[in-house]
$ cat my_file.cif   # mmCIF, C-alpha atoms
data_final
loop_
_atom_site.label_atom_id
_atom_site.label_comp_id
_atom_site.auth_asym_id
_atom_site.auth_seq_id
_atom_site.Cartn_x
_atom_site.Cartn_y
_atom_site.Cartn_z
CA THR R 905 0.10 -98.46 8.14
CA VAL R 906 1.72 -95.51 6.44
CA HIS R 907 2.69 -92.45 8.42
CA VAL R 908 3.26 -89.16 6.58
CA THR R 909 4.88 -86.21 8.27
CA PHE R 910 4.66 -82.68 6.78
CA ASN R 911 7.28 -80.16 7.75
CA LYS R 912 6.44 -76.43 7.65
CA LYS R 913 8.48 -74.67 4.97
CA ASP R 914 10.58 -71.89 6.38
CA GLU R 915 9.67 -68.47 4.89
CA PRO R 916 12.67 -66.46 3.75
CA GLU R 917 13.73 -63.91 6.34
CA VAL R 918 13.18 -60.32 5.35
CA GLN R 919 16.55 -58.63 5.12
CA SER R 920 17.32 -55.18 6.48
CA HIS R 921 19.97 -52.99 4.93
CA LYS R 922 21.87 -49.95 6.09
CA ILE R 923 21.03 -46.39 5.24
CA ASN R 924 24.35 -44.58 5.06
CA ILE R 925 24.23 -40.77 5.11
CA GLY R 926 27.17 -39.47 3.11
CA ALA R 927 29.25 -36.43 3.92
CA MET R 928 27.68 -33.15 2.78
CA GLU R 929 28.19 -29.42 3.17
CA ASN R 930 25.79 -26.62 4.08
CA GLY R 931 23.07 -28.90 5.37
CA ALA R 932 22.08 -32.33 6.63
CA VAL R 933 19.73 -35.19 5.70
CA THR R 934 17.98 -37.66 8.00
CA ALA R 935 16.08 -40.86 7.17
CA ALA R 936 12.86 -42.21 8.67
CA VAL R 937 10.69 -45.30 8.26
CA ASN R 938 7.05 -45.09 9.35
CA GLY R 939 7.77 -41.76 10.97
CA GLU R 940 10.64 -43.06 13.10
CA ALA R 941 14.30 -42.16 12.60
CA ALA R 942 16.04 -45.10 10.94
CA GLU R 943 19.57 -46.21 10.15
CA THR R 944 18.37 -49.42 8.49
CA ALA R 945 15.31 -50.47 6.53
CA GLU R 946 13.81 -53.70 5.26
CA GLU R 947 13.67 -54.41 1.56
CA ASN R 948 10.86 -52.49 -0.20
CA ALA R 949 10.23 -50.33 2.84
CA ASP R 950 9.37 -46.70 2.16
CA VAL R 951 12.18 -44.49 3.42
CA THR R 952 11.51 -40.80 3.83
CA LEU R 953 14.38 -38.33 3.69
CA THR R 954 14.26 -34.92 5.38
CA ALA R 955 16.67 -32.23 4.25
CA ALA R 956 17.73 -29.49 6.67
CA PRO R 957 19.67 -26.78 4.82
CA ASN R 958 21.86 -24.41 6.78
CA GLU R 959 20.67 -20.81 7.04
CA GLY R 960 20.94 -19.10 3.69
CA TYR R 961 20.98 -22.38 1.76
CA ARG R 962 18.42 -24.59 0.03
CA LEU R 963 18.33 -28.18 -1.23
CA LYS R 964 19.47 -28.44 -4.82
CA ALA R 965 19.57 -32.21 -5.34
CA ILE R 966 19.33 -35.44 -3.35
CA ARG R 967 20.70 -38.81 -4.48
CA VAL R 968 20.39 -42.39 -3.24
CA THR R 969 22.70 -45.11 -4.61
CA TYR R 970 23.63 -48.73 -3.93
CA THR R 971 26.17 -51.22 -5.28
CA ASP R 972 24.70 -54.20 -7.13
CA GLU R 973 26.03 -57.77 -7.17
CA ASN R 974 28.31 -56.85 -10.07
CA GLY R 975 29.92 -54.06 -8.13
CA GLN R 976 28.18 -51.39 -10.21
CA GLU R 977 26.74 -48.29 -8.60
CA GLN R 978 23.02 -47.96 -9.20
CA ASN R 979 20.70 -45.02 -8.63
CA VAL R 980 17.52 -45.39 -6.60
CA THR R 981 14.51 -43.38 -7.72
CA VAL R 982 13.61 -40.68 -5.21
CA GLU R 983 10.17 -39.06 -5.47
CA ASN R 984 9.08 -36.36 -3.04
CA ASN R 985 12.14 -37.25 -0.93
CA THR R 986 10.92 -40.87 -0.53
CA PHE R 987 12.40 -44.08 -1.98
CA LYS R 988 11.90 -47.87 -1.85
CA MET R 989 14.68 -49.66 0.00
CA PRO R 990 16.54 -51.94 -2.44
CA THR R 991 18.13 -55.29 -1.60
CA ALA R 992 21.38 -53.67 -0.58
CA ASP R 993 22.83 -50.98 1.64
CA VAL R 994 22.28 -47.47 0.31
CA THR R 995 24.20 -44.22 0.48
CA VAL R 996 22.34 -40.91 0.66
CA THR R 997 24.02 -37.71 -0.53
CA ALA R 998 22.66 -34.24 -1.01
CA GLU R 999 23.79 -30.98 -2.55
CA PHE R 1000 22.82 -27.65 -1.04
CA GLU R 1001 23.15 -24.32 -2.78
CA GLN R 1002 23.24 -20.79 -1.45
CA ILE R 1003 20.00 -18.88 -1.80
CA PRO R 1004 20.76 -15.95 -4.08
CA ALA R 1005 20.32 -12.56 -2.45
CA ALA R 1006 17.32 -10.64 -3.72
CA VAL R 1007 18.22 -7.85 -6.13
CA THR R 1008 17.38 -4.53 -4.53
CA TYR R 1009 17.26 -1.00 -5.86
CA LYS R 1010 17.93 2.30 -4.11
CA VAL R 1011 15.27 4.76 -2.95
CA LYS R 1012 16.72 8.27 -3.07
CA VAL R 1013 14.74 11.24 -1.75
CA ALA R 1014 15.77 14.67 -2.99
CA ASP R 1015 18.13 16.31 -0.51
CA LYS R 1016 16.61 19.78 -0.63
CA LEU R 1017 12.85 20.21 -0.62
CA GLU R 1018 11.30 23.59 0.07
CA HIS R 1019 8.60 23.94 2.73
CA GLY R 1020 8.50 20.28 3.75
CA SER R 1021 10.17 16.91 3.78
CA VAL R 1022 9.62 13.35 2.53
CA ALA R 1023 10.97 10.16 4.12
CA ALA R 1024 10.87 6.59 2.76
CA ASP R 1025 10.39 3.58 5.05
CA LYS R 1026 13.36 1.83 3.40
CA GLU R 1027 16.58 2.86 1.68
CA SER R 1028 16.37 0.03 -0.87
CA ALA R 1029 13.73 -2.43 -2.03
CA ALA R 1030 13.27 -5.35 -4.40
CA ALA R 1031 11.14 -5.02 -7.53
CA ASP R 1032 7.39 -5.03 -6.73
CA GLU R 1033 8.04 -4.39 -3.03
CA THR R 1034 5.85 -1.67 -1.51
CA VAL R 1035 7.57 1.52 -0.38
CA GLN R 1036 5.79 3.89 2.02
CA LEU R 1037 6.52 7.61 1.82
CA THR R 1038 5.87 9.89 4.79
CA VAL R 1039 5.17 13.49 3.81
CA THR R 1040 5.68 16.26 6.38
CA PRO R 1041 4.82 19.79 5.19
CA ASP R 1042 6.18 22.79 7.09
CA GLU R 1043 3.66 24.76 9.13
CA GLY R 1044 1.33 26.67 6.86
CA TYR R 1045 2.09 24.47 3.84
CA GLU R 1046 0.58 21.41 2.22
CA LEU R 1047 1.67 18.84 -0.36
CA GLU R 1048 1.00 19.96 -3.91
CA ALA R 1049 2.61 17.09 -5.84
CA ILE R 1050 4.88 14.11 -5.28
CA GLY R 1051 6.86 12.33 -7.96
CA VAL R 1052 8.79 9.07 -8.23
CA THR R 1053 10.87 8.34 -11.32
CA TYR R 1054 13.44 5.79 -12.50
CA THR R 1055 15.55 5.20 -15.59
CA ASP R 1056 14.59 2.13 -17.63
CA GLY R 1057 16.87 -0.18 -19.59
CA ASN R 1058 16.70 2.12 -22.61
CA GLY R 1059 17.88 5.11 -20.63
CA GLN R 1060 14.42 6.66 -20.61
CA THR R 1061 12.97 8.32 -17.50
CA GLN R 1062 9.75 6.63 -16.40
CA ASN R 1063 7.17 7.79 -13.87
CA VAL R 1064 6.07 5.50 -11.05
CA THR R 1065 2.45 5.70 -9.88
CA VAL R 1066 2.11 6.93 -6.30
CA ALA R 1067 -1.12 5.91 -4.54
CA LYS R 1068 -3.24 8.27 -2.46
CA ASP R 1069 -1.70 6.84 0.70
CA ASN R 1070 1.75 7.81 -0.65
CA THR R 1071 2.87 4.24 -1.38
CA PHE R 1072 4.33 2.87 -4.61
CA LYS R 1073 5.54 -0.41 -6.05
CA MET R 1074 9.30 -0.52 -6.51
CA PRO R 1075 10.32 -0.84 -10.16
CA ALA R 1076 13.38 -2.74 -11.36
CA GLY R 1077 15.64 0.27 -10.99
CA ASP R 1078 16.81 2.95 -8.58
CA VAL R 1079 14.16 5.61 -7.96
CA ASN R 1080 14.29 9.34 -7.26
CA VAL R 1081 11.60 10.89 -5.07
CA THR R 1082 10.70 14.57 -5.30
CA ALA R 1083 7.89 16.65 -3.84
CA ARG R 1084 6.47 20.14 -4.19
CA PHE R 1085 4.70 21.99 -1.39
CA LYS R 1086 2.39 24.99 -1.56
CA GLU R 1087 1.06 27.46 0.94
CA ALA R 1088 -1.98 26.02 2.65
CA LYS R 1089 -5.17 28.02 2.29
CA THR R 1090 -7.15 28.17 5.49
CA GLU R 1091 -10.03 30.32 6.60
CA GLU R 1092 -7.60 32.42 8.60
CA THR R 1093 -5.37 33.15 5.63
CA LYS R 1094 -8.08 33.88 3.06
CA PRO R 1095 -8.16 37.56 2.12
CA LEU R 1096 -11.03 39.62 3.53
CA HIS R 1097 -13.26 41.62 1.20
CA THR R 1098 -15.29 44.71 2.05
CA VAL R 1099 -19.09 44.85 2.14
CA THR R 1100 -20.51 48.29 1.23
CA VAL R 1101 -24.22 48.84 1.89
CA THR R 1102 -26.16 51.79 0.47
CA VAL R 1103 -29.84 52.73 0.46
CA GLN R 1104 -31.07 53.93 -2.91
CA ASP R 1105 -31.84 57.65 -2.82
CA ASN R 1106 -31.02 57.44 0.87
CA GLN R 1107 -34.68 57.16 1.78
CA GLY R 1108 -37.07 54.60 3.26
CA GLY R 1109 -34.93 53.08 5.97
CA THR R 1110 -31.48 51.89 6.99
CA ALA R 1111 -29.37 48.86 6.15
CA THR R 1112 -26.09 47.47 7.49
CA ALA R 1113 -24.08 44.28 6.98
CA GLU R 1114 -22.66 41.85 9.51
CA PRO R 1115 -19.79 41.31 9.10
CA SER R 1116 -18.64 44.32 7.12
CA LYS R 1117 -15.55 42.40 5.98
CA ALA R 1118 -15.62 38.71 5.03
CA ALA R 1119 -13.62 36.04 3.24
CA ALA R 1120 -14.95 34.31 0.15
CA GLY R 1121 -17.65 31.78 1.06
CA GLU R 1122 -18.58 33.32 4.40
CA THR R 1123 -22.22 34.25 5.08
CA VAL R 1124 -23.03 37.96 5.27
CA LYS R 1125 -26.32 38.91 6.94
CA LEU R 1126 -28.08 42.20 6.27
CA ASP R 1127 -29.85 44.18 9.01
CA ILE R 1128 -32.57 46.08 7.15
CA GLN R 1129 -34.93 48.47 9.00
CA PRO R 1130 -37.67 50.11 6.91
CA LYS R 1131 -39.32 53.31 8.17
CA ASP R 1132 -43.02 53.35 8.87
CA GLY R 1133 -44.94 53.19 5.62
CA TRP R 1134 -42.04 51.72 3.73
CA ILE R 1135 -41.23 48.13 2.70
CA VAL R 1136 -38.27 46.52 1.00
CA ASP R 1137 -38.66 46.53 -2.75
CA LYS R 1138 -35.43 44.68 -3.63
CA VAL R 1139 -31.89 44.02 -2.52
CA THR R 1140 -28.95 43.52 -4.87
CA MET R 1141 -25.35 42.52 -4.34
CA ASN R 1142 -23.02 43.39 -7.19
CA ASP R 1143 -26.13 43.95 -9.34
CA GLU R 1144 -27.54 40.50 -8.58
CA LEU R 1145 -30.74 40.00 -6.59
CA VAL R 1146 -30.33 38.79 -3.02
CA ASP R 1147 -32.93 36.21 -1.92
CA LEU R 1148 -34.60 35.89 1.44
CA ALA R 1149 -33.03 33.31 3.74
CA ASP R 1150 -36.48 32.70 5.25
CA PRO R 1151 -39.51 33.39 3.01
CA MET R 1152 -41.62 33.93 6.15
CA ASN R 1153 -39.31 36.72 7.29
CA LYS R 1154 -39.43 39.56 4.79
CA LEU R 1155 -36.24 41.09 6.18
CA SER R 1156 -34.03 37.95 6.28
CA TYR R 1157 -31.62 38.90 3.55
CA GLN R 1158 -28.19 37.26 3.44
CA PHE R 1159 -25.64 36.08 0.85
CA LYS R 1160 -22.38 34.21 0.44
CA MET R 1161 -19.41 36.51 0.13
CA PRO R 1162 -17.83 36.42 -3.32
CA ASP R 1163 -14.07 36.40 -3.78
CA LYS R 1164 -14.13 40.19 -4.18
CA ASP R 1165 -15.70 43.26 -2.58
CA ALA R 1166 -19.50 43.25 -2.34
CA LYS R 1167 -21.65 46.31 -3.14
CA VAL R 1168 -25.13 45.97 -1.65
CA VAL R 1169 -27.98 48.27 -2.66
CA VAL R 1170 -31.28 48.26 -0.77
CA VAL R 1171 -34.33 49.78 -2.43
CA PHE R 1172 -37.34 50.70 -0.27
CA TYR R 1173 -40.87 51.28 -1.55
CA ASN R 1174 -43.24 53.81 -0.03
CA THR R 1175 -46.61 52.12 0.44
CA GLU R 1176 -48.34 55.42 1.25
CA ALA R 1177 -47.23 57.34 -1.80
#

$ encode --input "my_file.cif" --output "structure tokens"
Amino acid sequence: TVHVTFNKKDEPEVQSHKINIGAMENGAVTAAVNGEAAETAEENADVTLTAAPNEGYRLKAIRVTYTDENGQEQNVTVENNTFKMPTADVTVTAEFEQIPAAVTYKVKVADKLEHGSVAADKESAAADETVQLTVTPDEGYELEAIGVTYTDGNGQTQNVTVAKDNTFKMPAGDVNVTARFKEAKTEETKPLHTVTVTVQDNQGGTATAEPSKAAAGETVKLDIQPKDGWIVDKVTMNDELVDLADPMNKLSYQFKMPDKDAKVVVVFYNTEA
């Protein structure tokens, strides 16, 4: 009788190696395996590195190295801040650089503006940043024009487009803001013109205007009263015919006041003559 005994072959033990985080300035780096913070990792494990720059800094470069059996330093490939753990301890180093300050340009509003003021929501801005201008006319005035200019690299003055909401995109240069205000025209400040009403040959009836003074664009109504046996033949204002406001009312004459005095002539016709 032959007895054969089989012994189970021992599988090689998977080795773990250290993850050494080297000294670094202006930030820190941590390592994780399977989402858990790790100071060691098994061979071929995926190790994820997380960089935490100090305020005002950003990651410039990250490096993972190990020493091979010949005592030579070797680089480990890092992609998207992840690397495969080699068969040796590794050292992680990182370089952080200061984030450069954005280049900004000055917004200068003219010191002396007549009949109003303009204020910018910032004293300086980076190129392409939006600047909001607030325009405040003095009482009785309104904005006539607003201008924003800058000097380009060739020493030429360039205009900057200002939107209807008084915003503009900052160019790559200091800007000067100017504005011009004009007297606001309101109904109260429009000049009044006189309405003169006459009856041709002073016969056939009476006619008056309401109002007798009006600003351009206002409606002037005529109160025309023919005598018995008379009708209105025509009505003119500055030699132009005045139409009826209501065709069903033969006395409903009115007109829009021109931007000058109005001379109204009423002609009556005797139906019994």

$ residues_near_point --input "my_file.cif" --point "(20.9, -31.2, 1.0)" --cutoff "6 Å" --atoms "all atoms listed in the file" --output "ChimeraX atom specification"
/R:931-932,955,957,963,998-1000

$ atom_distance --input "my_file.cif" --atom1 "CA of Lys1016 (chain R)" --atom2 "CA of Ala1083 (chain R)"
9.8 Å

$ closest_residue --input "my_file.cif" --among "R:Val1168, R:Ala1113, R:Ile966, R:Val1146" --to "Asp1127 (chain R)" --atoms "all atoms listed in the file"
R:Ala1113

$ residues_around --input "my_file.cif" --residues "Thr1040 (chain R)" --least-positions-apart "2" --cutoff "12 Å" --atoms "all atoms listed in the file" --output "list in words"
Leu1017, Glu1018, His1019, Gly1020, Ser1021, Val1022, Ala1023, Ala1024, Leu1037, Thr1038, Asp1042, Glu1043, Gly1044, Tyr1045, Glu1046, Leu1047, Glu1048, Ile1050, Asn1070, Ala1083, Arg1084 and Phe1085 of chain R

$ atom_distance --input "my_file.cif" --atom1 "CA of Gly1057 (chain R)" --atom2 "CA of Val1035 (chain R)"
21.4 Å

$ residues_around --input "my_file.cif" --residues "Ala941 (chain R)" --least-positions-apart "2" --cutoff "12 Å" --atoms "only C-alpha atoms" --output "PyMOL selection string"
chain R and resi 923+933-939+943-945+951-954

$ write_last_selection --input "my_file.cif" --atoms "C-alpha atoms" --output "mmCIF file, in the frame of the given file"
data_model
loop_
_atom_site.group_PDB
_atom_site.id
_atom_site.type_symbol
_atom_site.label_atom_id
_atom_site.label_comp_id
_atom_site.auth_asym_id
_atom_site.auth_seq_id
_atom_site.Cartn_x
_atom_site.Cartn_y
_atom_site.Cartn_z
ATOM 1 C CA ILE R 923 21.030 -46.390 5.240
ATOM 2 C CA VAL R 933 19.730 -35.190 5.700
ATOM 3 C CA THR R 934 17.980 -37.660 8.000
ATOM 4 C CA ALA R 935 16.080 -40.860 7.170
ATOM 5 C CA ALA R 936 12.860 -42.210 8.670
ATOM 6 C CA VAL R 937 10.690 -45.300 8.260
ATOM 7 C CA ASN R 938 7.050 -45.090 9.350
ATOM 8 C CA GLY R 939 7.770 -41.760 10.970
ATOM 9 C CA GLU R 943 19.570 -46.210 10.150
ATOM 10 C CA THR R 944 18.370 -49.420 8.490
ATOM 11 C CA ALA R 945 15.310 -50.470 6.530
ATOM 12 C CA VAL R 951 12.180 -44.490 3.420
ATOM 13 C CA THR R 952 11.510 -40.800 3.830
ATOM 14 C CA LEU R 953 14.380 -38.330 3.690
ATOM 15 C CA THR R 954 14.260 -34.920 5.380
#

$ residues_around --input "my_file.cif" --residues "Val968 (chain R)" --least-positions-apart "6" --cutoff "9 Å" --atoms "all atoms listed in the file" --output "number ranges by chain"
R: 978-982, 987, 994-998

$ write_last_selection --input "my_file.cif" --atoms "C-alpha atoms" --output "mmCIF file, in the frame of the given file"
data_model
loop_
_atom_site.group_PDB
_atom_site.id
_atom_site.type_symbol
_atom_site.label_atom_id
_atom_site.label_comp_id
_atom_site.auth_asym_id
_atom_site.auth_seq_id
_atom_site.Cartn_x
_atom_site.Cartn_y
_atom_site.Cartn_z
ATOM 1 C CA GLN R 978 23.020 -47.960 -9.200
ATOM 2 C CA ASN R 979 20.700 -45.020 -8.630
ATOM 3 C CA VAL R 980 17.520 -45.390 -6.600
ATOM 4 C CA THR R 981 14.510 -43.380 -7.720
ATOM 5 C CA VAL R 982 13.610 -40.680 -5.210
ATOM 6 C CA PHE R 987 12.400 -44.080 -1.980
ATOM 7 C CA VAL R 994 22.280 -47.470 0.310
ATOM 8 C CA THR R 995 24.200 -44.220 0.480
ATOM 9 C CA VAL R 996 22.340 -40.910 0.660
ATOM 10 C CA THR R 997 24.020 -37.710 -0.530
ATOM 11 C CA ALA R 998 22.660 -34.240 -1.010
#

$ resolve_selection --input "my_file.cif" --expression "the PyMOL selection byres ((chain R and resi 1080) around 8)" --output "number ranges by chain"
R: 1011-1014, 1052-1054, 1078-1079, 1081-1082

$ residues_near_point --input "my_file.cif" --point "(11.2, -56.3, 1.5)" --cutoff "8 Å" --atoms "all atoms listed in the file" --output "list of chain:residue names"
R:Val918, R:Gln919, R:Ser920, R:Glu946, R:Glu947, R:Asn948, R:Ala949, R:Met989, R:Pro990, R:Thr991

$ residues_around --input "my_file.cif" --residues "Ala1031 (chain R)" --least-positions-apart "2" --cutoff "10 Å" --atoms "all atoms listed in the file" --output "list in words"
Ala1006, Val1007, Thr1008, Tyr1009, Ser1028, Ala1029, Glu1033, Thr1034, Lys1073, Met1074, Pro1075, Ala1076, Gly1077 and Asp1078 of chain R

$ axis_aligned_box --input "my_file.cif" --around "region 981-984 of chain R" --padding-each-side "8 Å" --output "JSON"
{"center_x": 11.8, "center_y": -39.9, "center_z": -5.4, "size_x": 21.4, "size_y": 23.0, "size_z": 20.7}

$ residues_around --input "my_file.cif" --residues "Val1103 (chain R)" --least-positions-apart "2" --cutoff "12 Å" --atoms "all atoms listed in the file" --output "PyMOL selection string"
chain R and resi 1100-1101+1105-1112+1128-1130+1136-1140+1167-1173

$ atom_distance --input "my_file.cif" --atom1 "CA of Thr1071 (chain R)" --atom2 "CA of Pro1004 (chain R)"
27.1 Å

$ resolve_selection --input "my_file.cif" --expression "the PyMOL selection byres ((chain R and resi 1093-1099) around 12)" --output "PyMOL selection string"
chain R and resi 1044-1045+1087-1092+1100-1102+1111-1126+1141-1142+1158-1169

$ closest_residue --input "my_file.cif" --among "R:Leu1145, R:Glu977, R:Tyr961, R:Lys922" --to "Ala942 (chain R)" --atoms "all atoms listed in the file"
R:Lys922

$ resolve_selection --input "my_file.cif" --expression "the PyMOL selection byres ((chain R and resi 1175) around 8)" --output "list of chain:residue names"
R:Gly1133, R:Trp1134, R:Ile1135, R:Tyr1173, R:Asn1174, R:Glu1176, R:Ala1177

$ build_atoms --input "my_file.cif" --residues "region 1141-1171 of chain R" --atoms "N, CA and C atoms" --output "tab-separated table (two decimals), keeping the file's coordinate frame"
chain	number	residue	atom	x	y	z
R	1141	MET	N	-26.77	42.57	-4.73
R	1141	MET	CA	-25.35	42.52	-4.34
R	1141	MET	C	-24.56	42.36	-5.63
R	1142	ASN	N	-23.75	43.37	-5.92
R	1142	ASN	CA	-23.02	43.39	-7.19
R	1142	ASN	C	-23.96	43.19	-8.37
R	1143	ASP	N	-25.11	43.93	-8.29
R	1143	ASP	CA	-26.13	43.95	-9.34
R	1143	ASP	C	-26.89	42.64	-9.50
R	1144	GLU	N	-26.76	41.73	-8.56
R	1144	GLU	CA	-27.54	40.50	-8.58
R	1144	GLU	C	-28.50	40.49	-7.40
R	1145	LEU	N	-29.73	40.01	-7.64
R	1145	LEU	CA	-30.74	40.00	-6.59
R	1145	LEU	C	-30.31	39.10	-5.44
R	1146	VAL	N	-30.59	39.57	-4.22
R	1146	VAL	CA	-30.33	38.79	-3.02
R	1146	VAL	C	-31.65	38.20	-2.55
R	1147	ASP	N	-31.70	36.88	-2.34
R	1147	ASP	CA	-32.93	36.21	-1.92
R	1147	ASP	C	-33.08	36.24	-0.41
R	1148	LEU	N	-34.33	36.02	0.02
R	1148	LEU	CA	-34.60	35.89	1.44
R	1148	LEU	C	-34.08	34.55	1.95
R	1149	ALA	N	-33.46	34.57	3.12
R	1149	ALA	CA	-33.03	33.31	3.74
R	1149	ALA	C	-34.23	32.55	4.27
R	1150	ASP	N	-35.26	33.29	4.72
R	1150	ASP	CA	-36.48	32.70	5.25
R	1150	ASP	C	-37.66	33.42	4.61
R	1151	PRO	N	-38.39	32.73	3.71
R	1151	PRO	CA	-39.51	33.39	3.01
R	1151	PRO	C	-40.56	33.96	3.96
R	1152	MET	N	-40.63	33.44	5.17
R	1152	MET	CA	-41.62	33.93	6.15
R	1152	MET	C	-41.16	35.20	6.84
R	1153	ASN	N	-39.87	35.51	6.68
R	1153	ASN	CA	-39.31	36.72	7.29
R	1153	ASN	C	-38.89	37.65	6.17
R	1154	LYS	N	-39.65	38.69	5.94
R	1154	LYS	CA	-39.43	39.56	4.79
R	1154	LYS	C	-38.18	40.42	4.89
R	1155	LEU	N	-37.47	40.30	6.02
R	1155	LEU	CA	-36.24	41.09	6.18
R	1155	LEU	C	-35.00	40.20	6.32
R	1156	SER	N	-35.14	38.90	6.05
R	1156	SER	CA	-34.03	37.95	6.28
R	1156	SER	C	-33.15	37.82	5.05
R	1157	TYR	N	-32.50	38.91	4.71
R	1157	TYR	CA	-31.62	38.90	3.55
R	1157	TYR	C	-30.18	38.53	3.96
R	1158	GLN	N	-29.59	37.61	3.21
R	1158	GLN	CA	-28.19	37.26	3.44
R	1158	GLN	C	-27.61	36.67	2.15
R	1159	PHE	N	-26.28	36.61	2.07
R	1159	PHE	CA	-25.64	36.08	0.85
R	1159	PHE	C	-24.25	35.53	1.21
R	1160	LYS	N	-23.72	34.72	0.29
R	1160	LYS	CA	-22.38	34.21	0.44
R	1160	LYS	C	-21.40	35.20	-0.16
R	1161	MET	N	-20.38	35.51	0.58
R	1161	MET	CA	-19.41	36.51	0.13
R	1161	MET	C	-18.66	36.00	-1.10
R	1162	PRO	N	-18.63	36.81	-2.15
R	1162	PRO	CA	-17.83	36.42	-3.32
R	1162	PRO	C	-16.35	36.67	-3.03
R	1163	ASP	N	-15.52	36.22	-3.96
R	1163	ASP	CA	-14.07	36.40	-3.78
R	1163	ASP	C	-13.66	37.78	-4.29
R	1164	LYS	N	-14.40	38.79	-3.85
R	1164	LYS	CA	-14.13	40.19	-4.18
R	1164	LYS	C	-15.03	41.05	-3.30
R	1165	ASP	N	-14.86	42.37	-3.37
R	1165	ASP	CA	-15.70	43.26	-2.58
R	1165	ASP	C	-17.16	43.15	-3.03
R	1166	ALA	N	-18.06	43.36	-2.06
R	1166	ALA	CA	-19.50	43.25	-2.34
R	1166	ALA	C	-20.16	44.62	-2.16
R	1167	LYS	N	-20.91	45.04	-3.20
R	1167	LYS	CA	-21.65	46.31	-3.14
R	1167	LYS	C	-23.14	45.98	-3.07
R	1168	VAL	N	-23.72	46.29	-1.90
R	1168	VAL	CA	-25.13	45.97	-1.65
R	1168	VAL	C	-25.95	47.25	-1.77
R	1169	VAL	N	-27.05	47.14	-2.51
R	1169	VAL	CA	-27.98	48.27	-2.66
R	1169	VAL	C	-29.35	47.81	-2.21
R	1170	VAL	N	-29.94	48.57	-1.28
R	1170	VAL	CA	-31.28	48.26	-0.77
R	1170	VAL	C	-32.24	49.32	-1.29
R	1171	VAL	N	-33.33	48.87	-1.89
R	1171	VAL	CA	-34.33	49.78	-2.43
R	1171	VAL	C	-35.61	49.62	-1.62
